[in-house]
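Here the structure is laid out as structure tokens; the discussion comes afterwards.
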Amino acid sequence: MTAFSNRSREQKVCKSRAEDQNFIRAQRLMSETPLIDGHNDLPWQLRKQFDNQLNKVNLTTLSTTHTNIEKIKKGQLGAQFWSAYVPCASQYKDAVRQTLEQIDVIHRMCQKYPESFMFATSTQDIIDAFESNRTASLIGVEGGHSIDSSLGTLRTMYHLGARYLTLTHSCNTPWADNWLVDTGSEPSQHNGLSPFGKQVIAEMNRLGMLIDLAHVPVKVMNQVLDLSAAPVIFSHSSAYSICPHKRNVPDDVLIRVNQTGGIVMVNFYNDYVTCGKTAKLSDVADHFDHIKKVGGVEIVGFGGDFDGVTRLPQGLEDVSKVPNLVAELLRRKWTDEEVKAALGNNLLRVMKEVEKVRDRLSEQSPDDEPIPYHEVENPCRTSFSSSDTGVIHSVSAPVLLLTLAAQAYITLTAQ
């Protein structure tokens, strides 16, 4: 055996030992700080594959999804925002019913597997679940079409446990444009947000509901960053400068997310990671590095989009593989504190601030000004309000501006 081959073998051994040490260190950090993932579509897979008949499913060993309880344990998943998603095809039809059914199946997951899942609605719930070695299970409603242009429906879903609303999915709503507007494949209907869309933002601030800007165009990103009294999240989006896909976040917005205290939770979908059909774990880490460089480590998080996508990077094939990504960040010289920030501390900080804004606004009354009926009138919609008969009314712009100004004033004076 030559001296060269000996050196080559020794180098491989040393590299293997270093990788093992990074993985062990990753596991330790994940045992100290909860990994909080912003978006998982397992509930949608339960609908597609089993019609939400949870009694026919063994979630411990389910093999047709990226996610099951065994994979969750191996992946050290501390908290998960489960997506209550229904397609845009349900808009103007039965989106509310179907969304409620998705909320219901998330509740039933927690009830059927109480040793693995703990239903959660607050930062304290996440901490309590982590300390009891269970996965905190939160709800995110993915798509503004799910509320059918109703603040009453928004409030009801909040009371049922939903803690974020993604403002749009892949269709415009009667009050907000979606991300496809930026591709040119769909026209803008509202130049971002309509007046009612701005009411939705104010009401979400009052409720203490996270505003999710994944799936919105850049115009809406900036409008919300201007309007919201609370920090925002991107529950499953990546860096536009690394992969120029319109679902990703441009650098100027990353900077604004830092300035407003929000978070961008990195999506693992190949098409958003490399803008191609294939990707590697290291490609995902490049997004973490870029967001950290441009916006600061305090805005980075995990938003894998497991069970909502068809292609995942080599090395991140399912939920169990996430510790590999954490180890890669450590290999790239991320410090323990930086890794802990990305794992969960950043999201906990954002959620605490949203809860603080809710508490500051607690004396405000719920907004009961409906969307103008002519903006939502269609053959499937009924109305029994006398004000809707032959009358076109509009949201009072001065009232809306006063509401937002009051919220901003309360927030500033309380700091």
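Naming works like this for the structure tokens: A, B, ... for the chains as they're shown, residue 1 at the start of each chain, ligands 1 onward in shown order.
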Give me the residues within 12 Å of Thr64 in chain A as a PDB file with all heavy atoms, in the first residue's frame, counting only C-alpha atoms and dropping any in the same chain fewer than 4 places off.
ATOM      1  N   LEU A  42     -49.069  16.729   6.436  1.00  0.00           N
ATOM      2  CA  LEU A  42     -49.600  15.403   6.753  1.00  0.00           C
ATOM      3  C   LEU A  42     -51.128  15.393   6.803  1.00  0.00           C
ATOM      4  O   LEU A  42     -51.751  14.443   6.293  1.00  0.00           O
ATOM      5  CB  LEU A  42     -49.011  14.895   8.069  1.00  0.00           C
ATOM      6  CG  LEU A  42     -49.547  13.547   8.568  1.00  0.00           C
ATOM      7  CD1 LEU A  42     -49.228  12.427   7.582  1.00  0.00           C
ATOM      8  CD2 LEU A  42     -48.998  13.221   9.958  1.00  0.00           C
ATOM      9  N   GLN A  45     -52.463  14.804   3.428  1.00  0.00           N
ATOM     10  CA  GLN A  45     -52.267  13.419   2.989  1.00  0.00           C
ATOM     11  C   GLN A  45     -53.305  12.495   3.622  1.00  0.00           C
ATOM     12  O   GLN A  45     -53.760  11.529   2.994  1.00  0.00           O
ATOM     13  CB  GLN A  45     -50.847  12.950   3.329  1.00  0.00           C
ATOM     14  CG  GLN A  45     -49.756  13.660   2.544  1.00  0.00           C
ATOM     15  CD  GLN A  45     -49.920  13.506   1.042  1.00  0.00           C
ATOM     16  OE1 GLN A  45     -50.332  12.454   0.539  1.00  0.00           O
ATOM     17  NE2 GLN A  45     -49.595  14.563   0.303  1.00  0.00           N
ATOM     18  N   LEU A  46     -53.689  12.794   4.858  1.00  0.00           N
ATOM     19  CA  LEU A  46     -54.725  11.987   5.502  1.00  0.00           C
ATOM     20  C   LEU A  46     -56.054  12.122   4.760  1.00  0.00           C
ATOM     21  O   LEU A  46     -56.816  11.155   4.632  1.00  0.00           O
ATOM     22  CB  LEU A  46     -54.886  12.392   6.970  1.00  0.00           C
ATOM     23  CG  LEU A  46     -53.687  12.083   7.873  1.00  0.00           C
ATOM     24  CD1 LEU A  46     -53.927  12.624   9.279  1.00  0.00           C
ATOM     25  CD2 LEU A  46     -53.385  10.593   7.915  1.00  0.00           C
ATOM     26  N   LYS A  48     -56.318  12.996   1.427  1.00  0.00           N
ATOM     27  CA  LYS A  48     -56.154  12.418   0.092  1.00  0.00           C
ATOM     28  C   LYS A  48     -56.139  10.893   0.109  1.00  0.00           C
ATOM     29  O   LYS A  48     -56.753  10.240  -0.722  1.00  0.00           O
ATOM     30  CB  LYS A  48     -54.848  12.924  -0.532  1.00  0.00           C
ATOM     31  CG  LYS A  48     -54.919  14.311  -1.129  1.00  0.00           C
ATOM     32  CD  LYS A  48     -53.582  14.712  -1.737  1.00  0.00           C
ATOM     33  CE  LYS A  48     -53.216  13.827  -2.911  1.00  0.00           C
ATOM     34  NZ  LYS A  48     -51.907  14.223  -3.512  1.00  0.00           N
ATOM     35  N   GLN A  49     -55.410  10.346   1.074  1.00  0.00           N
ATOM     36  CA  GLN A  49     -55.206   8.902   1.075  1.00  0.00           C
ATOM     37  C   GLN A  49     -56.277   8.132   1.841  1.00  0.00           C
ATOM     38  O   GLN A  49     -56.563   6.972   1.521  1.00  0.00           O
ATOM     39  CB  GLN A  49     -53.830   8.570   1.671  1.00  0.00           C
ATOM     40  CG  GLN A  49     -52.658   9.120   0.876  1.00  0.00           C
ATOM     41  CD  GLN A  49     -51.320   8.697   1.456  1.00  0.00           C
ATOM     42  OE1 GLN A  49     -51.180   7.588   1.992  1.00  0.00           O
ATOM     43  NE2 GLN A  49     -50.326   9.565   1.360  1.00  0.00           N
ATOM     44  N   PHE A  50     -56.870   8.772   2.862  1.00  0.00           N
ATOM     45  CA  PHE A  50     -57.773   8.032   3.754  1.00  0.00           C
ATOM     46  C   PHE A  50     -59.099   8.742   4.003  1.00  0.00           C
ATOM     47  O   PHE A  50     -59.877   8.299   4.855  1.00  0.00           O
ATOM     48  CB  PHE A  50     -57.079   7.773   5.101  1.00  0.00           C
ATOM     49  CG  PHE A  50     -55.754   7.085   4.981  1.00  0.00           C
ATOM     50  CD1 PHE A  50     -54.571   7.812   5.078  1.00  0.00           C
ATOM     51  CD2 PHE A  50     -55.668   5.720   4.737  1.00  0.00           C
ATOM     52  CE1 PHE A  50     -53.333   7.186   4.957  1.00  0.00           C
ATOM     53  CE2 PHE A  50     -54.440   5.086   4.605  1.00  0.00           C
ATOM     54  CZ  PHE A  50     -53.270   5.816   4.711  1.00  0.00           C
ATOM     55  N   VAL A  57     -55.886   4.382  10.056  1.00  0.00           N
ATOM     56  CA  VAL A  57     -54.481   4.728   9.850  1.00  0.00           C
ATOM     57  C   VAL A  57     -53.680   4.428  11.112  1.00  0.00           C
ATOM     58  O   VAL A  57     -54.135   4.713  12.225  1.00  0.00           O
ATOM     59  CB  VAL A  57     -54.329   6.229   9.512  1.00  0.00           C
ATOM     60  CG1 VAL A  57     -52.866   6.588   9.246  1.00  0.00           C
ATOM     61  CG2 VAL A  57     -55.189   6.600   8.319  1.00  0.00           C
ATOM     62  N   ASN A  58     -52.506   3.857  10.931  1.00  0.00           N
ATOM     63  CA  ASN A  58     -51.548   3.733  12.030  1.00  0.00           C
ATOM     64  C   ASN A  58     -50.464   4.773  11.803  1.00  0.00           C
ATOM     65  O   ASN A  58     -49.541   4.576  11.015  1.00  0.00           O
ATOM     66  CB  ASN A  58     -50.944   2.327  12.068  1.00  0.00           C
ATOM     67  CG  ASN A  58     -49.995   2.140  13.239  1.00  0.00           C
ATOM     68  OD1 ASN A  58     -49.608   3.103  13.907  1.00  0.00           O
ATOM     69  ND2 ASN A  58     -49.605   0.905  13.504  1.00  0.00           N
ATOM     70  N   LEU A  59     -50.573   5.908  12.502  1.00  0.00           N
ATOM     71  CA  LEU A  59     -49.619   6.994  12.288  1.00  0.00           C
ATOM     72  C   LEU A  59     -48.222   6.669  12.804  1.00  0.00           C
ATOM     73  O   LEU A  59     -47.268   7.365  12.463  1.00  0.00           O
ATOM     74  CB  LEU A  59     -50.117   8.279  12.956  1.00  0.00           C
ATOM     75  CG  LEU A  59     -51.097   9.139  12.169  1.00  0.00           C
ATOM     76  CD1 LEU A  59     -51.379  10.432  12.910  1.00  0.00           C
ATOM     77  CD2 LEU A  59     -50.568   9.447  10.780  1.00  0.00           C
ATOM     78  N   THR A  60     -48.106   5.637  13.592  1.00  0.00           N
ATOM     79  CA  THR A  60     -46.779   5.273  14.105  1.00  0.00           C
ATOM     80  C   THR A  60     -45.889   4.765  12.985  1.00  0.00           C
ATOM     81  O   THR A  60     -44.704   5.116  12.907  1.00  0.00           O
ATOM     82  CB  THR A  60     -46.897   4.209  15.210  1.00  0.00           C
ATOM     83  OG1 THR A  60     -47.713   4.737  16.266  1.00  0.00           O
ATOM     84  CG2 THR A  60     -45.521   3.853  15.769  1.00  0.00           C
ATOM     85  N   ASN A  68     -44.317  10.181   9.910  1.00  0.00           N
ATOM     86  CA  ASN A  68     -45.045   9.309  10.832  1.00  0.00           C
ATOM     87  C   ASN A  68     -44.410   9.471  12.200  1.00  0.00           C
ATOM     88  O   ASN A  68     -43.416  10.201  12.354  1.00  0.00           O
ATOM     89  CB  ASN A  68     -45.083   7.846  10.358  1.00  0.00           C
ATOM     90  CG  ASN A  68     -43.708   7.192  10.318  1.00  0.00           C
ATOM     91  OD1 ASN A  68     -42.810   7.523  11.085  1.00  0.00           O
ATOM     92  ND2 ASN A  68     -43.538   6.230   9.405  1.00  0.00           N
ATOM     93  N   ASP A 307     -44.621  16.346   3.046  1.00  0.00           N
ATOM     94  CA  ASP A 307     -45.939  15.840   2.668  1.00  0.00           C
ATOM     95  C   ASP A 307     -46.782  16.843   1.893  1.00  0.00           C
ATOM     96  O   ASP A 307     -47.945  16.576   1.591  1.00  0.00           O
ATOM     97  CB  ASP A 307     -46.719  15.314   3.887  1.00  0.00           C
ATOM     98  CG  ASP A 307     -46.197  13.947   4.306  1.00  0.00           C
ATOM     99  OD1 ASP A 307     -46.114  13.068   3.444  1.00  0.00           O
ATOM    100  OD2 ASP A 307     -45.835  13.777   5.490  1.00  0.00           O
ATOM    101  N   ASP A 318     -37.217  12.650   4.344  1.00  0.00           N
ATOM    102  CA  ASP A 318     -38.389  12.630   5.222  1.00  0.00           C
ATOM    103  C   ASP A 318     -38.053  13.326   6.524  1.00  0.00           C
ATOM    104  O   ASP A 318     -36.927  13.814   6.723  1.00  0.00           O
ATOM    105  CB  ASP A 318     -38.894  11.196   5.449  1.00  0.00           C
ATOM    106  CG  ASP A 318     -37.865  10.296   6.126  1.00  0.00           C
ATOM    107  OD1 ASP A 318     -37.310  10.698   7.175  1.00  0.00           O
ATOM    108  OD2 ASP A 318     -37.604   9.193   5.608  1.00  0.00           O
TER     109      ASP A 318
END
Determine which residues of range 222-377 of chain A receive a DSSP assignment of alpha helix (DSSP H), computed from the backbone, and state them as a VMD selection string. chain A and resid 222 to 227 251 to 260 270 to 273 281 to 295 322 to 331 336 to 340 346 to 360
Could I get the residues of range 124-146 of chain A with an atom no further than 10 Å from an atom of range 348-360 of chain A, each paired with its nearest atom pair and that distance in Å to one decimal, using only C-alpha atoms, sorted by chain and residue number, as JSON lines?
{"residue": "A:Gln124", "atom": "CA", "partner": "A:Lys352", "partner_atom": "CA", "distance": 9.1}
{"residue": "A:Ile126", "atom": "CA", "partner": "A:Leu348", "partner_atom": "CA", "distance": 8.5}
{"residue": "A:Ile127", "atom": "CA", "partner": "A:Leu348", "partner_atom": "CA", "distance": 9.2}
List as an mmCIF file with N, CA and C atoms, in the first residue's frame the protein and nucleic acid residues near Gln223 in chain A, meaning an atom at most 9 Å away when only C-alpha atoms are counted, but skip any in the same chain fewer than 5 places from it.
data_model
loop_
_atom_site.group_PDB
_atom_site.id
_atom_site.type_symbol
_atom_site.label_atom_id
_atom_site.label_comp_id
_atom_site.auth_asym_id
_atom_site.auth_seq_id
_atom_site.Cartn_x
_atom_site.Cartn_y
_atom_site.Cartn_z
ATOM 1 N N GLY A 192 -52.232 44.221 -4.634
ATOM 2 C CA GLY A 192 -51.760 43.731 -3.341
ATOM 3 C C GLY A 192 -52.927 43.359 -2.461
ATOM 4 N N LEU A 193 -53.194 44.207 -1.474
ATOM 5 C CA LEU A 193 -54.310 44.010 -0.554
ATOM 6 C C LEU A 193 -55.425 44.998 -0.851
ATOM 7 N N LYS A 198 -56.672 44.732 4.347
ATOM 8 C CA LYS A 198 -56.007 45.474 5.430
ATOM 9 C C LYS A 198 -56.755 45.297 6.746
ATOM 10 N N VAL A 218 -44.605 40.048 -3.857
ATOM 11 C CA VAL A 218 -43.740 40.997 -3.146
ATOM 12 C C VAL A 218 -44.521 42.231 -2.706
ATOM 13 N N SER A 228 -48.526 45.795 9.636
ATOM 14 C CA SER A 228 -48.687 44.941 10.806
ATOM 15 C C SER A 228 -47.996 45.511 12.040
#
Have a look at A:Ser149, A:Thr121, A:Ser362, A:Asn40 and name the one nearest to Ala84 in chain A; count only C-alpha atoms. A:Asn40
Proximity of range 248-338 of chain A to range 27-37 of chain A: per-residue shortest pair, 8 Å limit, only C-alpha atoms, as JSON lines:
{"residue": "A:Met265", "atom": "CA", "partner": "A:Asp37", "partner_atom": "CA", "distance": 7.7}
{"residue": "A:Gly301", "atom": "CA", "partner": "A:Asp37", "partner_atom": "CA", "distance": 7.6}
{"residue": "A:Phe302", "atom": "CA", "partner": "A:Asp37", "partner_atom": "CA", "distance": 5.1}
{"residue": "A:Gly303", "atom": "CA", "partner": "A:Asp37", "partner_atom": "CA", "distance": 5.0}
{"residue": "A:Gly304", "atom": "CA", "partner": "A:Asp37", "partner_atom": "CA", "distance": 6.8}
{"residue": "A:Pro323", "atom": "CA", "partner": "A:Gln27", "partner_atom": "CA", "distance": 6.6}
{"residue": "A:Asp336", "atom": "CA", "partner": "A:Leu29", "partner_atom": "CA", "distance": 7.2}
Keeping only all heavy atoms, write those residues as a compact mmCIF listing (two decimals), in the first residue's frame.
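See again.txt below for the written result:
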# COMPACT_ATOMS: atom_id res chain seq x y z
N MET A 265 -38.85 30.72 7.34
CA MET A 265 -38.64 29.31 7.66
C MET A 265 -38.40 28.55 6.35
O MET A 265 -39.28 28.49 5.49
CB MET A 265 -39.84 28.78 8.45
CG MET A 265 -40.15 29.66 9.66
SD MET A 265 -41.58 29.20 10.63
CE MET A 265 -40.85 28.01 11.76
N GLY A 301 -35.42 30.05 10.16
CA GLY A 301 -36.10 28.92 10.78
C GLY A 301 -36.27 27.77 9.79
O GLY A 301 -35.83 27.84 8.64
N PHE A 302 -36.93 26.71 10.25
CA PHE A 302 -37.16 25.50 9.46
C PHE A 302 -38.63 25.45 9.03
O PHE A 302 -39.52 25.57 9.86
CB PHE A 302 -36.85 24.25 10.29
CG PHE A 302 -35.39 24.04 10.59
CD1 PHE A 302 -34.72 24.84 11.50
CD2 PHE A 302 -34.67 23.03 9.94
CE1 PHE A 302 -33.37 24.64 11.78
CE2 PHE A 302 -33.33 22.82 10.21
CZ PHE A 302 -32.67 23.63 11.13
N GLY A 303 -38.86 25.24 7.72
CA GLY A 303 -40.22 25.11 7.20
C GLY A 303 -40.27 24.09 6.08
O GLY A 303 -40.55 24.39 4.93
N GLY A 304 -40.00 22.84 6.43
CA GLY A 304 -39.69 21.80 5.46
C GLY A 304 -40.70 21.55 4.35
O GLY A 304 -40.32 21.18 3.25
N PRO A 323 -32.03 16.11 11.46
CA PRO A 323 -30.75 16.25 12.18
C PRO A 323 -29.53 16.29 11.26
O PRO A 323 -28.51 16.91 11.61
CB PRO A 323 -30.73 15.03 13.10
CG PRO A 323 -32.18 14.73 13.35
CD PRO A 323 -32.86 15.03 12.05
N ASP A 336 -23.34 27.06 18.46
CA ASP A 336 -24.46 26.41 19.14
C ASP A 336 -25.64 27.38 19.28
O ASP A 336 -26.81 27.00 19.06
CB ASP A 336 -24.04 25.93 20.53
CG ASP A 336 -23.15 24.69 20.49
OD1 ASP A 336 -22.75 24.30 19.37
OD2 ASP A 336 -22.85 24.14 21.56
Per residue of range 72-180 of chain A within 10 Å of range 231-252 of chain A, record the nearest atom pair and its distance in Å to one decimal, counting only C-alpha atoms, with rows in chain order and ascending residue number, as a Markdown table.
| residue | atom | partner | partner_atom | distance |
| --- | --- | --- | --- | --- |
| A:Phe81 | CA | A:Ser235 | CA | 8.7 |
| A:Gly140 | CA | A:Ser235 | CA | 9.0 |
| A:Glu142 | CA | A:Ser235 | CA | 9.7 |
| A:Tyr164 | CA | A:Ile233 | CA | 8.8 |
| A:Leu165 | CA | A:Ser235 | CA | 9.8 |
| A:Thr166 | CA | A:Ser235 | CA | 8.2 |
| A:Asn178 | CA | A:Arg247 | CA | 9.9 |
| A:Trp179 | CA | A:Arg247 | CA | 6.5 |
| A:Leu180 | CA | A:Lys246 | CA | 7.5 |
Give me a file of those residues, with C-alpha atoms, as a PDB file, in the first residue's frame.
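Done, and the output landed in selection-v4.pdb:
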ATOM      1  CA  PHE A  81     -47.424  23.713  12.586  1.00  0.00           C
ATOM      2  CA  GLY A 140     -51.759  26.875  10.429  1.00  0.00           C
ATOM      3  CA  GLU A 142     -52.937  27.672   4.482  1.00  0.00           C
ATOM      4  CA  TYR A 164     -51.444  31.363  11.626  1.00  0.00           C
ATOM      5  CA  LEU A 165     -53.184  32.177   8.373  1.00  0.00           C
ATOM      6  CA  THR A 166     -51.302  32.099   5.081  1.00  0.00           C
ATOM      7  CA  ASN A 178     -51.358  35.643  -4.616  1.00  0.00           C
ATOM      8  CA  TRP A 179     -47.737  34.901  -5.567  1.00  0.00           C
ATOM      9  CA  LEU A 180     -48.616  33.865  -9.138  1.00  0.00           C
TER      10      LEU A 180
END
Using only C-alpha atoms, which residues sit within 7 Å of range 85-101 of chain A once same-chain residues fewer than 4 positions away are excluded, as a PyMOL selection string? chain A and resi 44+105+141-142+145-148+170-171+380
Preceding selection exported with N, CA, C and O atoms as an mmCIF file, in the first residue's frame:
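Written output follows (result_24.cif):
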data_model
loop_
_atom_site.group_PDB
_atom_site.id
_atom_site.type_symbol
_atom_site.label_atom_id
_atom_site.label_comp_id
_atom_site.auth_asym_id
_atom_site.auth_seq_id
_atom_site.Cartn_x
_atom_site.Cartn_y
_atom_site.Cartn_z
ATOM 1 N N TRP A 44 -53.244 16.949 5.020
ATOM 2 C CA TRP A 44 -53.754 16.867 3.654
ATOM 3 C C TRP A 44 -53.579 15.460 3.094
ATOM 4 O O TRP A 44 -54.452 14.955 2.386
ATOM 5 N N VAL A 105 -59.215 17.003 11.961
ATOM 6 C CA VAL A 105 -58.338 15.827 11.901
ATOM 7 C C VAL A 105 -57.050 16.080 12.672
ATOM 8 O O VAL A 105 -56.469 15.150 13.257
ATOM 9 N N VAL A 141 -53.581 27.665 9.045
ATOM 10 C CA VAL A 141 -54.527 27.598 7.934
ATOM 11 C C VAL A 141 -53.833 28.145 6.693
ATOM 12 O O VAL A 141 -53.399 29.299 6.671
ATOM 13 N N GLU A 142 -53.728 27.312 5.654
ATOM 14 C CA GLU A 142 -52.937 27.672 4.482
ATOM 15 C C GLU A 142 -53.834 28.176 3.355
ATOM 16 O O GLU A 142 -54.301 27.420 2.518
ATOM 17 N N HIS A 145 -58.440 31.887 1.162
ATOM 18 C CA HIS A 145 -59.741 31.433 0.645
ATOM 19 C C HIS A 145 -60.486 30.596 1.686
ATOM 20 O O HIS A 145 -61.701 30.447 1.606
ATOM 21 N N SER A 146 -59.746 30.067 2.673
ATOM 22 C CA SER A 146 -60.374 29.221 3.694
ATOM 23 C C SER A 146 -61.312 29.982 4.612
ATOM 24 O O SER A 146 -62.158 29.369 5.273
ATOM 25 N N ILE A 147 -61.178 31.310 4.707
ATOM 26 C CA ILE A 147 -62.065 32.065 5.601
ATOM 27 C C ILE A 147 -63.256 32.666 4.854
ATOM 28 O O ILE A 147 -64.113 33.298 5.471
ATOM 29 N N ASP A 148 -63.304 32.483 3.529
ATOM 30 C CA ASP A 148 -64.438 32.945 2.718
ATOM 31 C C ASP A 148 -64.751 34.419 2.962
ATOM 32 O O ASP A 148 -65.918 34.813 3.112
ATOM 33 N N SER A 170 -52.520 29.686 -3.951
ATOM 34 C CA SER A 170 -52.153 29.911 -5.358
ATOM 35 C C SER A 170 -53.349 30.412 -6.148
ATOM 36 O O SER A 170 -53.582 30.013 -7.295
ATOM 37 N N CYS A 171 -54.117 31.272 -5.509
ATOM 38 C CA CYS A 171 -55.237 31.936 -6.180
ATOM 39 C C CYS A 171 -55.485 33.257 -5.466
ATOM 40 O O CYS A 171 -55.274 33.381 -4.256
ATOM 41 N N CYS A 380 -73.277 31.093 -5.520
ATOM 42 C CA CYS A 380 -73.224 30.169 -4.388
ATOM 43 C C CYS A 380 -73.319 30.878 -3.048
ATOM 44 O O CYS A 380 -73.275 30.226 -2.004
#
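For the pair CA of Asn270 in chain A and CA of Gly315 in chain A, the interatomic distance is 11.9 Å.
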Among range 204-313 of chain A, which residues carry a DSSP assignment of strand (DSSP E), reported as a list of chain:residue names?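 Answer for range 204-313 of chain A, restricted to strand (DSSP E): A:Leu210, A:Ile211, A:Asp212, A:Ile233, A:Phe234, A:Ile263, A:Val264, A:Met265, A:Val266, A:Val300, A:Gly301, A:Phe302.
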Write to file, as a PDB file, in the first residue's frame, the residues of the selection just made, with N, CA, C and O atoms.
ATOM      1  N   LEU A 210     -50.523  34.705  13.927  1.00  0.00           N
ATOM      2  CA  LEU A 210     -49.373  34.943  13.079  1.00  0.00           C
ATOM      3  C   LEU A 210     -49.818  35.172  11.632  1.00  0.00           C
ATOM      4  O   LEU A 210     -50.649  34.425  11.104  1.00  0.00           O
ATOM      5  N   ILE A 211     -49.250  36.184  10.999  1.00  0.00           N
ATOM      6  CA  ILE A 211     -49.515  36.473   9.595  1.00  0.00           C
ATOM      7  C   ILE A 211     -48.435  35.785   8.769  1.00  0.00           C
ATOM      8  O   ILE A 211     -47.249  36.086   8.901  1.00  0.00           O
ATOM      9  N   ASP A 212     -48.851  34.850   7.918  1.00  0.00           N
ATOM     10  CA  ASP A 212     -47.916  34.062   7.109  1.00  0.00           C
ATOM     11  C   ASP A 212     -47.887  34.613   5.685  1.00  0.00           C
ATOM     12  O   ASP A 212     -48.912  34.639   5.002  1.00  0.00           O
ATOM     13  N   ILE A 233     -44.372  35.933   9.687  1.00  0.00           N
ATOM     14  CA  ILE A 233     -43.602  34.738   9.363  1.00  0.00           C
ATOM     15  C   ILE A 233     -43.743  34.421   7.878  1.00  0.00           C
ATOM     16  O   ILE A 233     -44.715  34.818   7.234  1.00  0.00           O
ATOM     17  N   PHE A 234     -42.743  33.749   7.333  1.00  0.00           N
ATOM     18  CA  PHE A 234     -42.844  33.009   6.087  1.00  0.00           C
ATOM     19  C   PHE A 234     -42.721  31.547   6.512  1.00  0.00           C
ATOM     20  O   PHE A 234     -41.628  31.091   6.856  1.00  0.00           O
ATOM     21  N   ILE A 263     -39.561  36.169  10.773  1.00  0.00           N
ATOM     22  CA  ILE A 263     -38.803  34.937  10.540  1.00  0.00           C
ATOM     23  C   ILE A 263     -39.139  34.368   9.157  1.00  0.00           C
ATOM     24  O   ILE A 263     -40.284  34.461   8.703  1.00  0.00           O
ATOM     25  N   VAL A 264     -38.122  33.798   8.503  1.00  0.00           N
ATOM     26  CA  VAL A 264     -38.283  33.076   7.242  1.00  0.00           C
ATOM     27  C   VAL A 264     -37.882  31.629   7.489  1.00  0.00           C
ATOM     28  O   VAL A 264     -36.729  31.339   7.807  1.00  0.00           O
ATOM     29  N   MET A 265     -38.850  30.722   7.343  1.00  0.00           N
ATOM     30  CA  MET A 265     -38.643  29.312   7.660  1.00  0.00           C
ATOM     31  C   MET A 265     -38.405  28.555   6.348  1.00  0.00           C
ATOM     32  O   MET A 265     -39.278  28.485   5.486  1.00  0.00           O
ATOM     33  N   VAL A 266     -37.195  28.029   6.195  1.00  0.00           N
ATOM     34  CA  VAL A 266     -36.702  27.555   4.904  1.00  0.00           C
ATOM     35  C   VAL A 266     -37.444  26.315   4.434  1.00  0.00           C
ATOM     36  O   VAL A 266     -37.578  25.325   5.158  1.00  0.00           O
ATOM     37  N   VAL A 300     -33.946  33.246  10.801  1.00  0.00           N
ATOM     38  CA  VAL A 300     -33.918  31.955  10.108  1.00  0.00           C
ATOM     39  C   VAL A 300     -34.692  30.899  10.885  1.00  0.00           C
ATOM     40  O   VAL A 300     -34.614  30.835  12.115  1.00  0.00           O
ATOM     41  N   GLY A 301     -35.420  30.045  10.159  1.00  0.00           N
ATOM     42  CA  GLY A 301     -36.098  28.919  10.780  1.00  0.00           C
ATOM     43  C   GLY A 301     -36.273  27.772   9.791  1.00  0.00           C
ATOM     44  O   GLY A 301     -35.828  27.837   8.645  1.00  0.00           O
ATOM     45  N   PHE A 302     -36.925  26.712  10.252  1.00  0.00           N
ATOM     46  CA  PHE A 302     -37.163  25.505   9.458  1.00  0.00           C
ATOM     47  C   PHE A 302     -38.626  25.450   9.027  1.00  0.00           C
ATOM     48  O   PHE A 302     -39.521  25.566   9.864  1.00  0.00           O
TER      49      PHE A 302
END
Can you list, as a ChimeraX atom specification, every protein, DNA or RNA residue that comes within 8 Å of range 374-376 of chain A when you count only C-alpha atoms, leaving out same-chain residues fewer than 3 positions away? /A:149,174,371,381,392
Polymer residues at most 12 Å from Val200 in chain A, only C-alpha atoms, same-chain spacing of 3 or more positions, as a VMD selection string: chain A and resid 144 147 to 155 165 to 167 174 to 176 193 to 197 203 to 207 209 to 211 224 227 to 228 366 to 371 400 403 to 404
Nearest to Asn172 in chain A: which of A:Pro187, A:Leu160, A:Ala285, A:Ala342 is it, counting only C-alpha atoms?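 Distance minimum relative to Asn172 in chain A lands on A:Pro187.
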Residues at most 9 Å from Asp128 in chain A, counting only C-alpha atoms, excluding those fewer than 6 positions away in the same chain, as a PyMOL selection string? chain A and resi 118+134+136
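One finds CA of Asp226 in chain A at 19.3 Å from CA of Asp182 in chain A.
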Which residue out of A:Val216, A:Ala120, A:Leu312, A:Leu329 has the minimum interatomic distance to Thr183 in chain A when only C-alpha atoms are used? A:Val216
